[in-house]
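Student: If you scroll down you'll find the structure; I have some questions about it.
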Amino acid sequence: MSALTNLIMNAIQVKKQVFLKEACYFFKNASFHAEEGDLQSCAAFILKALDKERRASVVGPQVLHLIKSS
């Protein structure tokens, strides 16, 4: 059972890292567009990056899925 748990935890970490790498990509693009003066594109990239960070923070088992109804 612990091997399965380790496998699941590793998969969760990989998913988190993917989301965080995507967030970095969007933040870098936002910075580039801000330097170019394109604030509308900059804002769009910031929103995409924040969404990826949010997704990274919620990857994994959720408490509500662990609670069984009586």
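FYI, nothing fancy with the structure tokens labels: chains A, B, ... in order, residues from 1 per chain, ligands from 1 as they appear.
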Excluding A:Lys16 and residues on its chain fewer than 5 positions from it, collect all residues at most 10 Å away from it, counting only C-alpha atoms, and give them as a list in words.

Tutor: Asn10, Ala11, Lys21, Glu22, Lys52, Glu53, Arg54, Arg55, Ala56, Ser57, Val58, Val59 and Gly60 of chain A

Student: Taking only chain A into account, list the residues labelled alpha helix (DSSP H) by DSSP (computed from the backbone), as an NGL selection string.

Tutor: :A and (2-35 or 39-57 or 63-66)

Student: Could the residues in this selection be written to a file with C-alpha atoms, as a PDB file, in the first residue's frame?

Tutor:
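In the end it all went to out09.pdb:
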ATOM      1  CA  SER A   2       2.839   2.438   0.712  1.00  0.00           C
ATOM      2  CA  ALA A   3       4.201   1.974  -2.838  1.00  0.00           C
ATOM      3  CA  LEU A   4       0.821   3.026  -4.215  1.00  0.00           C
ATOM      4  CA  THR A   5       0.730   5.994  -1.859  1.00  0.00           C
ATOM      5  CA  ASN A   6       4.229   7.044  -2.956  1.00  0.00           C
ATOM      6  CA  LEU A   7       3.224   6.724  -6.602  1.00  0.00           C
ATOM      7  CA  ILE A   8       0.157   8.907  -6.048  1.00  0.00           C
ATOM      8  CA  MET A   9       2.145  11.501  -4.106  1.00  0.00           C
ATOM      9  CA  ASN A  10       4.776  11.617  -6.865  1.00  0.00           C
ATOM     10  CA  ALA A  11       2.072  12.119  -9.495  1.00  0.00           C
ATOM     11  CA  ILE A  12       0.611  14.956  -7.432  1.00  0.00           C
ATOM     12  CA  GLN A  13       4.025  16.617  -7.152  1.00  0.00           C
ATOM     13  CA  VAL A  14       4.551  16.299 -10.908  1.00  0.00           C
ATOM     14  CA  LYS A  15       1.178  17.922 -11.616  1.00  0.00           C
ATOM     15  CA  LYS A  16       1.979  20.769  -9.208  1.00  0.00           C
ATOM     16  CA  GLN A  17       5.344  21.340 -10.864  1.00  0.00           C
ATOM     17  CA  VAL A  18       3.750  21.427 -14.311  1.00  0.00           C
ATOM     18  CA  PHE A  19       1.251  24.071 -13.194  1.00  0.00           C
ATOM     19  CA  LEU A  20       3.996  26.130 -11.537  1.00  0.00           C
ATOM     20  CA  LYS A  21       6.206  25.965 -14.643  1.00  0.00           C
ATOM     21  CA  GLU A  22       3.271  27.148 -16.740  1.00  0.00           C
ATOM     22  CA  ALA A  23       2.699  29.986 -14.257  1.00  0.00           C
ATOM     23  CA  CYS A  24       6.354  31.030 -14.614  1.00  0.00           C
ATOM     24  CA  TYR A  25       5.988  31.018 -18.391  1.00  0.00           C
ATOM     25  CA  PHE A  26       2.948  33.293 -18.200  1.00  0.00           C
ATOM     26  CA  PHE A  27       4.608  35.635 -15.676  1.00  0.00           C
ATOM     27  CA  LYS A  28       7.664  35.970 -17.935  1.00  0.00           C
ATOM     28  CA  ASN A  29       5.403  36.783 -20.878  1.00  0.00           C
ATOM     29  CA  ALA A  30       3.544  39.318 -18.731  1.00  0.00           C
ATOM     30  CA  SER A  31       6.828  40.982 -17.835  1.00  0.00           C
ATOM     31  CA  PHE A  32       7.874  41.130 -21.483  1.00  0.00           C
ATOM     32  CA  HIS A  33       4.580  42.689 -22.552  1.00  0.00           C
ATOM     33  CA  ALA A  34       4.704  45.180 -19.662  1.00  0.00           C
ATOM     34  CA  GLU A  35       8.155  46.319 -20.769  1.00  0.00           C
ATOM     35  CA  LEU A  39      -0.637  46.417 -20.611  1.00  0.00           C
ATOM     36  CA  GLN A  40      -3.710  44.583 -21.894  1.00  0.00           C
ATOM     37  CA  SER A  41      -1.645  41.543 -22.909  1.00  0.00           C
ATOM     38  CA  CYS A  42       0.347  41.843 -19.700  1.00  0.00           C
ATOM     39  CA  ALA A  43      -2.846  41.705 -17.644  1.00  0.00           C
ATOM     40  CA  ALA A  44      -4.106  38.683 -19.582  1.00  0.00           C
ATOM     41  CA  PHE A  45      -0.854  36.805 -18.939  1.00  0.00           C
ATOM     42  CA  ILE A  46      -0.952  37.684 -15.244  1.00  0.00           C
ATOM     43  CA  LEU A  47      -4.482  36.280 -14.968  1.00  0.00           C
ATOM     44  CA  LYS A  48      -3.393  33.075 -16.717  1.00  0.00           C
ATOM     45  CA  ALA A  49      -0.402  32.767 -14.392  1.00  0.00           C
ATOM     46  CA  LEU A  50      -2.532  33.275 -11.297  1.00  0.00           C
ATOM     47  CA  ASP A  51      -4.945  30.606 -12.536  1.00  0.00           C
ATOM     48  CA  LYS A  52      -2.050  28.141 -12.923  1.00  0.00           C
ATOM     49  CA  GLU A  53      -0.824  28.954  -9.405  1.00  0.00           C
ATOM     50  CA  ARG A  54      -4.331  28.384  -8.052  1.00  0.00           C
ATOM     51  CA  ARG A  55      -4.550  25.055  -9.858  1.00  0.00           C
ATOM     52  CA  ALA A  56      -1.179  24.026  -8.420  1.00  0.00           C
ATOM     53  CA  SER A  57      -2.394  24.763  -4.915  1.00  0.00           C
ATOM     54  CA  VAL A  63     -10.940  16.927   2.173  1.00  0.00           C
ATOM     55  CA  LEU A  64     -14.529  16.664   1.004  1.00  0.00           C
ATOM     56  CA  HIS A  65     -13.669  13.587  -1.054  1.00  0.00           C
ATOM     57  CA  LEU A  66     -12.202  11.932   2.026  1.00  0.00           C
TER      58      LEU A  66
END
